[in-house]
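Novice: Quick one: the structure is below, questions incoming.
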Amino acid sequence: MAFEFSTIGRHLGTGSGIEELMDDLGHALAKGGPNIKMLGGGQPARIPEINAVWRQRLEELMAEEGGLERSLTRYDSPRGNPHFLEAIAKLFRESFGWNIGPENVAVTAGGQTAFFFLFNLLAGAMPDGRRKKILLPVVPEYIGYANQSASEELFRAVPPVITETGPHEFKYGVDFDNLEIGDDVAAICFSRPTNPTGNVLTDAEVARLSGIAKEHGIPLIIDNAYGAPFPNIFFADAKPFWDEHVVLTFSLSKIGLPATRTGIVIGPPEIIRALGSMSAIVGLANTNIGQQIVLPLVESGKILELSNDIVRPFYQEKSRLAVKAAEEIFGDDFPWRVHRSEGALFLWFWFPGLPITSKELYERLKRREVLVVPGHYFFFGHDDPAWRHREECIRVSFAMDESVVRDGLKIIAEEIRACLSGS
């Protein structure tokens with residue numbers, strides 16, 4: 001029997017890049033074979049010192065009178081637990097001097113949900129018949145944004161300026177000369193550090209984008225899933241940014257609590273109130289457990305200490321080892337470059353002159369039990385088939401054990417050599 005789907009149903013229910021990524025990840029983890037090199041997905045590493053903190057907090061909640069009930073047995077406000085909202089606002093006031101209160105903070109069921117709400121709140125079909133879009137000032141950008149629209153394509157993207165910064169290194173930058181802000185732009189959005197590339201827009205780039213957004217009376221949305229001040233998987237010298245027209249998103253996932261599905265949004269009260277309304281309609285309320293686990297860590301500021309002293313150094317060392325392994329394994333046998341690793345959990349490889357598409361390379365690697373993410377998925381909002389660069393890149397996670405990363409890179413090198421030789 002064939003059922004007819006609505007326009008929204010066809011848009012959201014018939015496949016996407018993020019679904020393929022998560023499906024492959026799930027099947028590989030379920031298969032659990034000894035030879036799987038899981039270099040795809042955004043699964044954070046299990047850091048023993050961080051896991052010990054979560055274990056301790058769960059034990060404390062179980063021992064505390066009312067702790068279990070607050071965590072599991074009741075609904076909170078759709079916008080989040082009031083004590084948690086105040087604690088987040090206080091943390092940012094005291095740490096950075098931002099003039100914000102709990103009215104500037106909302107909780108969502110993960111960062112992915114936050115962006116579904118934000119993009120559809122601000123862009124798409126408007127009451128006066130106009131159609132507005134989200135401007136991505138640099139692509140490649142996070143694959144999970146691509147299909148966030150409830151009914152139509154929401155994005156317009158600007159290709160980057162590419163600067164070669166070393167013998168096998170490069171960096172993306174904002175092409176301000178081609179950044180056009182028309183009446184159809186609802187907001188400017190970027191991730192910092194960027195998933196998939198590990199790129200960190202400089203403080204100067206962020207300030208300039210903020211000025212452009214303010215001049216046009218639109219929000220600037222900054223995705224801090226990997227950013228400062230927590231989990232602070234930042235390897236570059238960059239500062240958190242806030243202004244009255246800025247919307248910041250955070251998450252507990254990459255600090256080590258992905259299963260709690262806890263996203264945090266800081267923004268203008270008008271937008272924050274709307275997010276609370278959307279949470280109530282879509283899911284009544286958000287999960288309590290993540291908020292209760294980290295609440296005393298936010299109140300004391302220890303969440304910043306964990307991020308700065310444990311999480312950041314852990315991933316920075318993994319990044320260093322992965323780049324070193326790539327240099328050793330790839331050598332000078334074929335053209336390759338890696339984006340300067342400035343944060344997040346990934347290396348972004350560019351193979352200039354690759355004779356096959358990134359999707360074909362992905363399939364070849366998958367047959368050899370190496371899972372990466374093909375690069376073309378990250379260039380949405382800019383459809384130019386003549387721009388070959390989008391088919392020459394892949395994303396590789398370095399969050400796994402070093403031996404797994406090295407073994408995966410060896411197979412990638414073998415497949416690149418085979419492609420270039422025509423085999």
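In the structure tokens, each chain is lettered A, B, ... as it comes, each chain's residues begin at 1, and ligands are numbered from 1 in order of appearance.
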Need to verify the contact set: segment 261-263 of chain A, 12 Å, only C-alpha atoms, exclusion of same-chain residues closer than 4 positions in sequence. Can you return it as a ChimeraX atom specification?
Specialist: /A:79-81,84-85,88,105-117,223-225,248-257,275,279,285-294
Novice: Write out as a ChimeraX atom specification which residues come within 10 Å of Ala45 of chain A when counting only C-alpha atoms, dropping same-chain ones fewer than 4 positions away.
Specialist: /A:254-256,311,314-315,345,398-401
Novice: Here is a test: counting only C-alpha atoms, which residue of A:Arg74, A:His168, A:Arg156, A:Arg93 is nearest to Cys189 of chain A?
Specialist: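 Looking only at the distances to Cys189 of chain A, the closest residue turns out to be A:Arg156.
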Novice: Calculate how many Å separate atom CA of Arg70 of chain A from atom CA of Ala280 of chain A, rounding to one decimal.
Specialist: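 Atom-to-atom, atom CA of Arg70 of chain A and atom CA of Ala280 of chain A are spaced 18.6 Å apart.
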Novice: To one decimal in Å, tell me the separation between atom CA of Pro82 of chain A and atom CA of Ile310 of chain A.
Specialist: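 Distance reported for this atom pair: 28.5 Å.
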Novice: Nearest residue to Leu306 of chain A out of A:Ile36, A:Val396, A:Ile233, A:Ala325, using only C-alpha atoms?
Specialist: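 Nearest to Leu306 of chain A: A:Ile233.
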Novice: Which one is closest to Leu347 of chain A: A:Gly97, A:Gly40, A:Pro196, A:Pro374? Count only C-alpha atoms.
Specialist: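 Under the stated criterion, the closest residue is A:Pro196.
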Novice: Considering only strand (DSSP E) as DSSP defines it on the backbone, what residues of segment 143-334 of chain A qualify? List them as a PyMOL selection string.
Specialist: chain A and resi 155-157+161-166+169-173+185-191+220-223+246-251+263-266
Novice: Would you mind writing down, as a PyMOL selection string, each residue of segment 130-304 of chain A that DSSP on the backbone assigns to helix (DSSP H, G or I)?
Specialist: chain A and resi 143-145+176-178+203-215+258-260+269-283+289-300+302-304
Novice: If you count only C-alpha atoms, which residues fall within 10 Å of Ile272 of chain A, apart from same-chain ones fewer than 4 positions away, as a PyMOL selection string?
Specialist: chain A and resi 79+102-107+118+247+265-268+276-278
Novice: From the set A:Leu209, A:Ala344, A:Ile356, A:Leu295, which residue has the shortest atom-to-atom contact distance to Phe235 of chain A, counting only C-alpha atoms?
Specialist: A:Ala344
